[in-house]
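Student: So that you have it, the file is protein31.tsv, and it contains TSV, C-alpha atoms:
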chain	number	residue	atom	x	y	z
A	1	MET	CA	29.09	-59.89	-6.17
A	2	ALA	CA	28.48	-56.42	-4.82
A	3	THR	CA	26.01	-56.00	-2.01
A	4	ASP	CA	24.46	-52.86	-0.64
A	5	SER	CA	25.56	-52.70	2.98
A	6	ASN	CA	23.42	-49.60	3.64
A	7	PRO	CA	20.12	-50.17	1.88
A	8	SER	CA	18.00	-47.07	1.54
A	9	ARG	CA	14.71	-46.96	3.40
A	10	PHE	CA	13.00	-45.38	0.35
A	11	PRO	CA	12.37	-47.27	-2.89
A	12	ARG	CA	14.25	-46.02	-5.95
A	13	TRP	CA	11.12	-44.91	-7.81
A	14	LEU	CA	10.15	-42.64	-4.89
A	15	LYS	CA	13.62	-41.04	-4.93
A	16	ILE	CA	13.35	-40.41	-8.68
A	17	ILE	CA	9.95	-38.77	-8.26
A	18	THR	CA	10.99	-36.57	-5.33
A	19	ILE	CA	14.60	-35.59	-6.06
A	20	GLY	CA	15.17	-36.86	-9.62
A	21	ARG	CA	17.88	-39.11	-11.05
A	22	ASN	CA	20.53	-36.47	-10.45
A	23	PRO	CA	20.00	-34.57	-7.15
A	24	ARG	CA	22.53	-31.85	-8.06
A	25	LEU	CA	20.71	-31.12	-11.31
A	26	THR	CA	17.39	-31.08	-9.45
A	27	LEU	CA	18.81	-28.60	-6.96
A	28	LEU	CA	20.05	-26.41	-9.81
A	29	ARG	CA	16.65	-26.54	-11.51
A	30	LEU	CA	14.97	-25.63	-8.24
A	31	ALA	CA	17.32	-22.67	-7.73
A	32	VAL	CA	16.68	-21.43	-11.29
A	33	LEU	CA	12.91	-21.84	-10.80
A	34	ILE	CA	12.97	-19.91	-7.52
A	35	GLY	CA	15.06	-17.18	-9.17
A	36	LEU	CA	12.67	-16.93	-12.11
A	37	VAL	CA	9.62	-16.75	-9.85
A	38	PHE	CA	11.31	-14.04	-7.77
A	39	LEU	CA	12.19	-11.99	-10.87
A	40	LEU	CA	8.70	-12.44	-12.32
A	41	ARG	CA	7.11	-11.42	-9.02
A	42	GLU	CA	9.42	-8.46	-8.45
A	43	PHE	CA	9.69	-6.96	-11.94
A	44	VAL	CA	6.87	-8.26	-14.15
A	45	LEU	CA	3.68	-9.47	-12.48
A	46	ILE	CA	2.42	-8.34	-9.08
A	47	PRO	CA	-0.24	-10.65	-7.60
A	48	ILE	CA	-3.14	-8.72	-6.07
A	49	GLN	CA	-6.26	-9.47	-4.10
A	50	ILE	CA	-9.21	-7.16	-4.72
A	51	VAL	CA	-10.84	-5.60	-1.68
A	52	GLY	CA	-13.85	-3.29	-1.86
A	53	PRO	CA	-16.85	-2.96	-4.16
A	54	SER	CA	-15.77	-0.13	-6.48
A	55	MET	CA	-14.99	-2.35	-9.50
A	56	LEU	CA	-18.15	-4.46	-9.27
A	57	PRO	CA	-19.48	-6.26	-11.23
A	58	THR	CA	-16.43	-6.49	-13.52
A	59	TYR	CA	-14.15	-7.60	-10.70
A	60	GLN	CA	-15.60	-9.41	-7.71
A	61	GLU	CA	-14.44	-8.67	-4.18
A	62	ARG	CA	-11.72	-10.95	-2.78
A	63	GLY	CA	-10.79	-11.92	-6.34
A	64	VAL	CA	-7.20	-12.65	-7.35
A	65	ASN	CA	-5.54	-10.94	-10.29
A	66	PHE	CA	-2.15	-9.70	-11.50
A	67	VAL	CA	-0.69	-6.32	-12.41
A	68	ASN	CA	1.55	-6.25	-15.47
A	69	ARG	CA	4.35	-3.81	-14.73
A	70	LEU	CA	5.69	-3.93	-18.28
A	71	ALA	CA	2.42	-2.88	-19.95
A	72	TYR	CA	3.39	0.78	-20.20
A	73	LEU	CA	7.10	0.50	-20.90
A	74	ARG	CA	6.70	1.27	-24.60
A	75	SER	CA	3.27	2.90	-24.69
A	76	GLU	CA	1.20	5.19	-22.53
A	77	PRO	CA	-2.00	4.06	-20.77
A	78	HIS	CA	-5.14	3.97	-22.91
A	79	ARG	CA	-8.72	4.90	-22.19
A	80	GLY	CA	-10.61	1.85	-20.88
A	81	ASP	CA	-7.51	0.23	-19.33
A	82	VAL	CA	-7.92	-1.09	-15.79
A	83	VAL	CA	-4.80	-0.03	-13.90
A	84	ALA	CA	-3.21	-0.28	-10.46
A	85	ILE	CA	-2.37	3.02	-8.78
A	86	ARG	CA	-0.01	3.07	-5.85
A	87	TYR	CA	-0.39	4.93	-2.59
A	88	ALA	CA	2.94	5.50	-0.77
A	89	GLY	CA	4.16	2.13	-2.03
A	90	GLU	CA	2.98	-0.99	-3.79
A	91	HIS	CA	1.76	-3.08	-0.87
A	92	ARG	CA	-1.64	-1.40	-1.13
A	93	MET	CA	-2.94	-0.07	-4.44
A	94	LEU	CA	-6.09	1.31	-6.00
A	95	MET	CA	-7.61	-0.58	-8.94
A	96	LYS	CA	-9.48	1.73	-11.31
A	97	ARG	CA	-10.39	2.26	-14.96
A	98	ILE	CA	-8.92	5.12	-17.00
A	99	ILE	CA	-11.64	7.15	-18.68
A	100	ALA	CA	-9.94	10.47	-19.45
A	101	LEU	CA	-6.45	11.16	-20.78
A	102	PRO	CA	-4.05	14.07	-20.16
A	103	GLY	CA	-5.37	17.40	-21.39
A	104	GLU	CA	-8.98	16.19	-21.77
A	105	THR	CA	-11.97	17.67	-19.97
A	106	ILE	CA	-14.22	15.22	-18.15
A	107	GLU	CA	-17.74	15.72	-16.87
A	108	PHE	CA	-20.49	13.48	-15.43
A	109	ARG	CA	-24.07	14.46	-16.31
A	110	ASN	CA	-26.68	12.31	-14.61
A	111	GLY	CA	-24.43	9.25	-14.87
A	112	GLN	CA	-23.27	9.81	-18.44
A	113	VAL	CA	-19.57	10.62	-18.91
A	114	PHE	CA	-18.65	13.40	-21.33
A	115	ILE	CA	-15.09	13.83	-22.62
A	116	ASN	CA	-14.45	17.24	-24.21
A	117	ASP	CA	-18.25	17.69	-24.23
A	118	LYS	CA	-18.89	14.46	-26.21
A	119	PRO	CA	-20.63	11.44	-24.60
A	120	LEU	CA	-18.27	8.54	-23.86
A	121	PRO	CA	-19.56	5.07	-24.76
A	122	GLU	CA	-18.72	2.67	-21.92
A	123	PRO	CA	-19.53	-0.88	-23.05
A	124	TYR	CA	-17.75	-2.35	-20.00
A	125	LEU	CA	-20.40	-0.99	-17.60
A	126	ALA	CA	-23.17	-3.36	-16.53
A	127	THR	CA	-26.67	-2.18	-17.42
A	128	ASN	CA	-27.95	-3.22	-14.00
A	129	TYR	CA	-25.51	-0.83	-12.34
A	130	PRO	CA	-27.08	2.55	-13.23
A	131	SER	CA	-25.51	5.84	-12.17
A	132	THR	CA	-26.91	9.28	-11.42
A	133	TRP	CA	-23.63	11.06	-10.72
A	134	THR	CA	-23.27	14.67	-11.75
A	135	ILE	CA	-19.78	16.15	-11.51
A	136	PRO	CA	-18.83	19.50	-13.07
A	137	PRO	CA	-16.21	19.62	-15.86
A	138	GLN	CA	-12.57	19.20	-14.85
A	139	GLN	CA	-9.57	19.42	-17.16
A	140	MET	CA	-6.72	16.93	-16.75
A	141	GLY	CA	-3.19	18.22	-16.31
A	142	PRO	CA	-0.40	17.20	-18.70
A	143	ASP	CA	0.44	13.99	-16.79
A	144	ARG	CA	-2.93	13.22	-15.21
A	145	TYR	CA	-5.36	10.38	-16.06
A	146	TYR	CA	-8.91	10.40	-14.71
A	147	VAL	CA	-9.63	7.06	-13.06
A	148	VAL	CA	-12.88	5.69	-11.66
A	149	GLY	CA	-14.39	2.33	-10.72
A	150	ASP	CA	-17.07	0.49	-12.71
A	151	ASN	CA	-19.51	0.46	-9.79
A	152	ARG	CA	-21.18	3.85	-10.10
A	153	THR	CA	-24.29	2.86	-8.18
A	154	MET	CA	-22.27	3.73	-5.07
A	155	PRO	CA	-22.81	7.20	-3.60
A	156	GLU	CA	-20.50	9.51	-5.50
A	157	VAL	CA	-18.83	10.93	-2.37
A	158	GLN	CA	-17.89	7.43	-1.13
A	159	HIS	CA	-16.35	6.34	-4.43
A	160	VAL	CA	-12.62	7.02	-4.67
A	161	LYS	CA	-11.95	8.57	-8.07
A	162	GLY	CA	-9.99	11.42	-9.58
A	163	ALA	CA	-6.83	12.39	-11.38
A	164	ALA	CA	-3.94	9.95	-11.08
A	165	ALA	CA	-0.42	11.13	-11.83
A	166	ARG	CA	1.32	9.02	-14.50
A	167	GLU	CA	4.10	8.17	-12.04
A	168	ARG	CA	1.57	6.55	-9.71
A	169	ILE	CA	0.27	4.12	-12.35
A	170	VAL	CA	2.14	0.90	-11.58
A	171	GLY	CA	0.78	-1.22	-14.42
A	172	LYS	CA	-2.19	-2.70	-16.20
A	173	VAL	CA	-4.42	-5.32	-14.60
A	174	LEU	CA	-3.75	-8.50	-16.54
A	175	LEU	CA	-6.99	-10.45	-16.51
A	176	CYS	CA	-10.40	-9.17	-17.67
A	177	LYS	CA	-12.00	-11.21	-14.90
A	178	ASN	CA	-10.54	-12.41	-11.63
A	179	LEU	CA	-9.00	-15.81	-11.26
A	180	PHE	CA	-11.58	-18.15	-9.71
A	181	ALA	CA	-14.26	-15.62	-10.79
A	182	ALA	CA	-16.86	-18.38	-11.08
A	183	TRP	CA	-16.36	-19.34	-7.43
A	184	LEU	CA	-16.59	-15.74	-6.28
A	185	SER	CA	-19.73	-14.91	-8.25
A	186	PRO	CA	-22.82	-14.93	-6.05
A	187	HIS	CA	-24.81	-16.75	-8.76
B	1	MET	CA	40.56	-24.97	3.26
B	2	GLN	CA	41.89	-23.27	6.39
B	3	LYS	CA	42.15	-19.98	4.48
B	4	LEU	CA	38.52	-20.29	3.41
B	5	VAL	CA	37.38	-20.89	6.98
B	6	ARG	CA	39.43	-17.90	8.17
B	7	GLY	CA	38.00	-15.73	5.41
B	8	LEU	CA	34.45	-16.76	6.32
B	9	ALA	CA	35.14	-16.08	10.00
B	10	VAL	CA	36.49	-12.59	9.19
B	11	ALA	CA	33.45	-11.85	6.99
B	12	ALA	CA	31.11	-13.02	9.78
B	13	LEU	CA	32.95	-10.79	12.29
B	14	ILE	CA	32.65	-7.77	9.99
B	15	MET	CA	28.93	-8.40	9.53
B	16	LEU	CA	28.49	-8.78	13.29
B	17	GLY	CA	30.36	-5.52	13.81
B	18	ILE	CA	28.12	-3.69	11.32
B	19	TRP	CA	25.03	-5.16	13.01
B	20	VAL	CA	26.18	-4.06	16.48
B	21	TRP	CA	27.15	-0.60	15.15
B	22	ARG	CA	23.68	-0.16	13.65
B	23	ILE	CA	22.04	-1.12	16.94
B	24	LEU	CA	24.24	1.24	18.97
B	25	PHE	CA	24.17	4.13	16.48
B	26	PRO	CA	21.01	3.78	14.37
B	27	SER	CA	20.53	6.08	11.40
B	28	PRO	CA	17.81	8.77	11.63
B	29	GLU	CA	15.79	6.84	9.02
B	30	HIS	CA	15.94	3.70	11.13
B	31	VAL	CA	14.87	5.61	14.26
B	32	ILE	CA	11.96	7.24	12.40
B	33	ARG	CA	10.78	3.93	10.94
B	34	LYS	CA	10.75	2.43	14.42
B	35	LEU	CA	8.89	5.45	15.79
B	36	VAL	CA	6.22	5.12	13.08
B	37	GLY	CA	5.88	1.39	13.77
B	38	ASP	CA	5.52	2.06	17.50
B	39	LEU	CA	2.87	4.70	16.77
B	40	ALA	CA	0.81	2.14	14.81
B	41	GLU	CA	1.02	-0.27	17.77
B	42	THR	CA	0.10	2.45	20.26
B	43	VAL	CA	-3.06	3.60	18.50
B	44	SER	CA	-4.15	-0.02	17.88
B	45	PHE	CA	-6.14	-1.85	20.52
B	46	ASP	CA	-8.40	-4.86	20.77
B	47	SER	CA	-11.23	-6.08	22.93
B	48	LYS	CA	-8.84	-8.12	25.10
B	49	ASP	CA	-6.93	-4.98	26.18
B	50	GLY	CA	-7.76	-4.03	29.77
B	51	ASN	CA	-8.35	-0.50	31.02
B	52	ILE	CA	-4.78	-0.20	32.31
B	53	SER	CA	-3.35	-1.21	28.95
B	54	LYS	CA	-5.60	1.28	27.16
B	55	ALA	CA	-4.70	4.08	29.58
B	56	TYR	CA	-1.00	3.29	29.15
B	57	LYS	CA	-1.39	3.60	25.37
B	58	VAL	CA	-3.14	6.95	25.75
B	59	SER	CA	-0.32	8.31	27.93
B	60	LYS	CA	2.34	6.85	25.62
B	61	LEU	CA	0.74	8.54	22.62
B	62	GLN	CA	1.90	11.94	23.89
B	63	ASP	CA	5.56	10.92	23.44
B	64	PHE	CA	5.22	10.83	19.67
B	65	PHE	CA	4.06	14.41	19.17
B	66	THR	CA	5.07	18.00	19.82
B	67	VAL	CA	2.79	19.95	22.15
B	68	ASP	CA	1.34	21.99	19.27
B	69	VAL	CA	0.95	19.08	16.83
B	70	GLU	CA	-1.66	19.37	14.08
B	71	ILE	CA	-3.40	16.46	12.37
B	72	ALA	CA	-5.35	17.50	9.28
B	73	VAL	CA	-7.62	14.68	8.13
B	74	ASP	CA	-9.59	14.80	4.90
B	75	VAL	CA	-11.65	11.64	4.45
B	76	PRO	CA	-13.86	11.39	1.31
B	77	GLY	CA	-17.49	11.83	2.25
B	78	TYR	CA	-16.73	13.75	5.46
B	79	PRO	CA	-15.85	17.40	6.08
B	80	PRO	CA	-12.11	18.01	6.66
B	81	HIS	CA	-11.09	18.16	10.32
B	82	THR	CA	-7.93	19.32	12.07
B	83	PHE	CA	-6.95	18.01	15.49
B	84	THR	CA	-4.76	20.55	17.29
B	85	GLY	CA	-2.52	19.81	20.25
B	86	ARG	CA	-1.60	16.60	22.05
B	87	ASP	CA	-4.58	16.79	24.39
B	88	GLU	CA	-7.11	16.71	21.56
B	89	ILE	CA	-5.33	13.73	20.01
B	90	THR	CA	-5.28	11.74	23.24
B	91	GLN	CA	-8.98	12.56	23.76
B	92	ALA	CA	-9.70	11.29	20.24
B	93	LEU	CA	-7.91	8.00	21.02
B	94	MET	CA	-9.85	7.62	24.29
B	95	ALA	CA	-13.11	8.26	22.43
B	96	GLY	CA	-12.13	5.62	19.85
B	97	GLN	CA	-11.31	3.11	22.59
B	98	GLN	CA	-14.75	3.63	24.11
B	99	ARG	CA	-16.65	3.57	20.83
B	100	PHE	CA	-15.06	0.57	19.10
B	101	ARG	CA	-14.27	-2.94	20.32
B	102	GLY	CA	-10.94	-2.85	18.55
B	103	LEU	CA	-8.85	-0.99	16.03
B	104	LYS	CA	-5.86	-2.27	14.08
B	105	VAL	CA	-3.65	0.30	12.39
B	106	GLU	CA	-0.84	-0.69	10.04
B	107	PHE	CA	1.60	1.24	7.87
B	108	PRO	CA	2.45	-1.19	5.05
B	109	ASP	CA	4.51	1.31	3.03
B	110	VAL	CA	6.75	3.88	4.71
B	111	ASN	CA	9.07	6.27	2.84
B	112	VAL	CA	11.38	8.42	4.96
B	113	LYS	CA	13.18	11.50	3.69
B	114	VAL	CA	15.54	13.19	6.15
B	115	SER	CA	16.74	16.76	5.55
B	116	ALA	CA	20.41	17.46	4.89
B	117	ASP	CA	20.95	18.87	8.41
B	118	LYS	CA	19.22	15.77	9.89
B	119	GLU	CA	17.01	17.97	12.04
B	120	SER	CA	13.72	17.46	10.16
B	121	ALA	CA	12.10	14.73	8.09
B	122	VAL	CA	9.03	13.91	6.04
B	123	VAL	CA	7.47	10.46	6.11
B	124	ASN	CA	5.12	9.52	3.30
B	125	LEU	CA	3.15	6.41	4.22
B	126	THR	CA	0.10	4.31	3.54
B	127	ALA	CA	-2.14	3.79	6.56
B	128	GLN	CA	-4.58	0.91	6.81
B	129	ALA	CA	-7.17	0.89	9.58
B	130	ASN	CA	-9.49	-1.98	10.42
B	131	ILE	CA	-12.22	-1.69	13.02
B	132	ALA	CA	-12.91	-4.93	14.91
B	133	GLY	CA	-15.90	-6.77	13.50
B	134	ASP	CA	-15.76	-4.86	10.23
B	135	ARG	CA	-14.83	-6.93	7.18
B	136	ASP	CA	-13.54	-3.98	5.15
B	137	PHE	CA	-10.77	-1.58	6.02
B	138	GLY	CA	-9.91	2.00	5.21
B	139	ILE	CA	-6.73	2.95	3.40
B	140	MET	CA	-5.31	6.45	3.16
B	141	GLU	CA	-2.01	8.08	2.37
B	142	PHE	CA	-0.44	10.53	4.81
B	143	ASN	CA	2.57	12.79	5.19
B	144	PHE	CA	4.09	12.93	8.67
B	145	LEU	CA	6.31	15.95	9.31
B	146	LEU	CA	8.89	15.46	12.03
B	147	LYS	CA	11.57	17.53	13.73
B	148	LYS	CA	14.22	16.74	16.29
B	149	ILE	CA	13.59	18.22	19.72
B	150	GLU	CA	16.21	17.65	22.42
B	151	GLY	CA	17.61	14.72	20.47
B	152	LYS	CA	14.26	12.99	19.97
B	153	TRP	CA	12.15	12.85	16.82
B	154	LYS	CA	8.66	14.28	17.29
B	155	ILE	CA	5.76	14.53	14.86
B	156	TYR	CA	4.56	18.12	14.51
B	157	ARG	CA	2.11	17.71	11.63
B	158	ILE	CA	0.18	14.92	9.93
B	159	GLU	CA	-1.80	15.60	6.77
B	160	THR	CA	-3.82	13.52	4.36
B	161	VAL	CA	-2.31	13.08	0.90
B	162	LYS	CA	-4.86	13.07	-1.88
B	163	THR	CA	-3.60	10.11	-3.89
B	164	LEU	CA	-5.87	11.02	-6.79
B	165	SER	CA	-5.13	14.72	-6.91
B	166	TRP	CA	-5.00	17.44	-9.53
B	167	ARG	CA	-1.83	18.80	-7.98
B	168	ALA	CA	1.63	17.28	-7.73
B	169	PRO	CA	2.70	16.09	-4.26
B	170	GLU	CA	4.59	18.69	-2.26
B	171	ILE	CA	6.82	16.36	-0.27
B	172	HIS	CA	10.07	17.56	-1.85
B	173	GLU	CA	9.14	21.21	-1.42
B	174	ARG	CA	8.41	20.53	2.26
B	175	ILE	CA	11.72	18.86	2.91
B	176	ALA	CA	13.57	21.73	1.28
B	177	ALA	CA	11.70	24.35	3.34
In C-alpha cells, write the structure found in this file.

Tutor:
Amino acid sequence: MATDSNPSRFPRWLKIITIGRNPRLTLLRLAVLIGLVFLLREFVLIPIQIVGPSMLPTYQERGVNFVNRLAYLRSEPHRGDVVAIRYAGEHRMLMKRIIALPGETIEFRNGQVFINDKPLPEPYLATNYPSTWTIPPQQMGPDRYYVVGDNRTMPEVQHVKGAAARERIVGKVLLCKNLFAAWLSPH
Amino acid sequence: MQKLVRGLAVAALIMLGIWVWRILFPSPEHVIRKLVGDLAETVSFDSKDGNISKAYKVSKLQDFFTVDVEIAVDVPGYPPHTFTGRDEITQALMAGQQRFRGLKVEFPDVNVKVSADKESAVVNLTAQANIAGDRDFGIMEFNFLLKKIEGKWKIYRIETVKTLSWRAPEIHERIAA
C-alpha cells in the first residue's frame, strides 16, 4: 500500500481551484492571457480616464472609457465621432467630437454650428447645455478635422477646440457613455 | 548543461558591458531626456519645501538655459507672453513659489530629435502642471530647442505647440535649420 510521506498542507480541491489539475498547462494559459492582454492594450484598445468638463454631459468627469485604435484603419473619421487626439504622445490625450471634415467651412453663430453655410443638426447635445458662441468662418485644410467638446456652456476662450491633423487622431472612443456612468452621475 | 550556463554567463556579461558603456558614454538623447526630467523636478515644489530648498531650485534653474533664453507661452484665454533671459525665468519661478502652496510639473511624453551634427536638438513634449489644492491640472504641448554649449546641452527656446492648429507642426523644419 502506497502512503504519502509528504502530505500537502493544502487540500486537493484548493489546489485545483488555484493552479488547476495541470500546473504547466495553467502556466501556459496564464502566459497566453497576459500576452493577449498586452497586445490588446498596446495595439487595439487604450484605456482612458476622462478629466475635465468639456465633454459634459455626454461623458462624466473621472469616467473610464476605451479608445479603439483600429476604428480608422479602413475608413476615415466621420462627423459626430468622438475621438482621442494625442499631444506629444499617447499618455495624455484630448477627447473631442468631430463636427467638420477636411475642406469644409465651419462657423458658430450664437451657438448654432454652420457647415458650408448650412445649419448642422447636433442631436447629441443636451438641451440644458445652451451655447452662445460666435466664431467666424474657418475652412479646414486637406487633412484637418474640426473638433470640439459637447459642453458649450463653457466660456468659448476656455474651451479647447480647433483643427486636428489626421495624424493626431489616435482612434475612436469606444463607449457612448463611460463605464460606471451611473455611479459617476450626480443624480 | 555546462555549455548553457557558460552561454548565459557570457550573455549576462555582454549585457552588463552594454549597461556600463551606456552609463559612461550616454547618447545625446539619453542626456537630453535626463535634463528634461531634472527640469520638471526643479520647477516643481510643495508646501513641505523649506526656503533653502526653494532657493536652491531657483539657482539650479539657471543651469538649464542659455543666458538669452526665450520662453513663448500661449495659453488659451490669456494673451501670449514671452519670458526673455534667465533672470526673468528665475523671477517667474520665485513668484510662483510665493503665490502657490505647491506645483507639480510632469512631462509624460517626451520625443527627442537630435540634429545630424549632434550640436542641436528639438524636444517635443507634453507638460502637465498641477497646482497644490487644485483638483484639475493643465496640459499643454511644447517644443524645447536645445544647443550644445561647451559640451553641455542648454535650452535656448521654449514655445507652445498648438495641438489643434490650422498649420502643420514645424519641428522637422526647425531641426533641419

Student: If you count all atoms listed in the file, which residues fall within 12 Å of region 69-80 of chain B, apart from same-chain ones fewer than 6 positions away, as a ChimeraX atom specification?

Tutor: /A:154-162 /B:62-63,86-90,92,138-147,154-164

Student: Can you work out the spacing between CA of Val31 (chain B) and CA of Asp117 (chain B) in Å, to one decimal?

Tutor: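 A separation of 15.7 Å between them.
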
Student: Mind dumping a table of every chain B residue within 6 Å of chain A, with the nearest atom pair and its distance in Å to one decimal, using all atoms listed in the file, sorted by chain and rising number, as CSV?

Tutor:
residue,atom,partner,partner_atom,distance
B:Gly77,CA,A:Val157,CA,4.9
B:Asp109,CA,A:Gly89,CA,5.1
B:Leu125,CA,A:Ala88,CA,5.1
B:Thr126,CA,A:Ala88,CA,5.3
B:Leu164,CA,A:Ala164,CA,4.8
B:Ser165,CA,A:Ala163,CA,5.3
B:Trp166,CA,A:Ala163,CA,5.7

Student: Based on the selection just made, write C-alpha atoms of those residues as a short mmCIF file (atom, residue, chain, number, x, y, z; two decimals), in the coordinates of the input.

Tutor:
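result20.cif was written with the following content:
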data_model
loop_
_atom_site.label_atom_id
_atom_site.label_comp_id
_atom_site.auth_asym_id
_atom_site.auth_seq_id
_atom_site.Cartn_x
_atom_site.Cartn_y
_atom_site.Cartn_z
CA GLY B 77 -17.49 11.83 2.25
CA ASP B 109 4.51 1.31 3.03
CA LEU B 125 3.15 6.41 4.22
CA THR B 126 0.10 4.31 3.54
CA LEU B 164 -5.87 11.02 -6.79
CA SER B 165 -5.13 14.72 -6.91
CA TRP B 166 -5.00 17.44 -9.53
#

Student: Kindly indicate which residue among B:Leu39, B:His30, B:Lys54, B:Lys148 lies nearest to Ala121 (chain B), using only C-alpha atoms for the distances.

Tutor: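 Smallest distance to Ala121 (chain B) is found for B:Lys148.
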
Student: How far is it from CA of Leu4 (chain B) to CA of Gly17 (chain B), in Å with one decimal?

Tutor: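 Between CA of Leu4 (chain B) and CA of Gly17 (chain B) the gap is 19.8 Å.
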
Student: Just how far from CA of Asp134 (chain B) is CA of Phe100 (chain B), in Å to one decimal?

Tutor: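 Separating CA of Phe100 (chain B) from CA of Asp134 (chain B) is a distance of 10.4 Å.
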
Student: Skipping near chain neighbours, those fewer than 6 positions away, what residues fall within 7 Å of region 174-176 of chain A using only C-alpha atoms, listed as a PyMOL selection string?

Tutor: chain A and resi 65-68

Student: Do a neighbour search on Ile149 (chain B) at 9 Å with all atoms listed in the file, toss out local chain neighbours closer than 3 positions, and write the hits as a ChimeraX atom specification.

Tutor: /B:66,119,152-154

Student: For those residues, write C-alpha atoms to a file as a PDB file, in the coordinates of the input.

Tutor:
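To be explicit, this is the file written out as again-v8.pdb:
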ATOM      1  CA  THR B  66       5.070  18.000  19.820  1.00  0.00           C
ATOM      2  CA  GLU B 119      17.010  17.970  12.040  1.00  0.00           C
ATOM      3  CA  LYS B 152      14.260  12.990  19.970  1.00  0.00           C
ATOM      4  CA  TRP B 153      12.150  12.850  16.820  1.00  0.00           C
ATOM      5  CA  LYS B 154       8.660  14.280  17.290  1.00  0.00           C
TER       6      LYS B 154
END

Student: Return the single residue from B:Lys48, B:Arg6, B:Lys60, B:Arg33 that is closest to Lys113 (chain B), with distances computed using only C-alpha atoms.

Tutor: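 That would be B:Arg33, the residue with the smallest distance to Lys113 (chain B).
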
Student: Find, counting only C-alpha atoms, the residue in B:Ala40, B:Val67, B:Val10, B:Val122 that gets nearest to Phe83 (chain B).

Tutor: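 Under the stated criterion, the closest residue is B:Val67.
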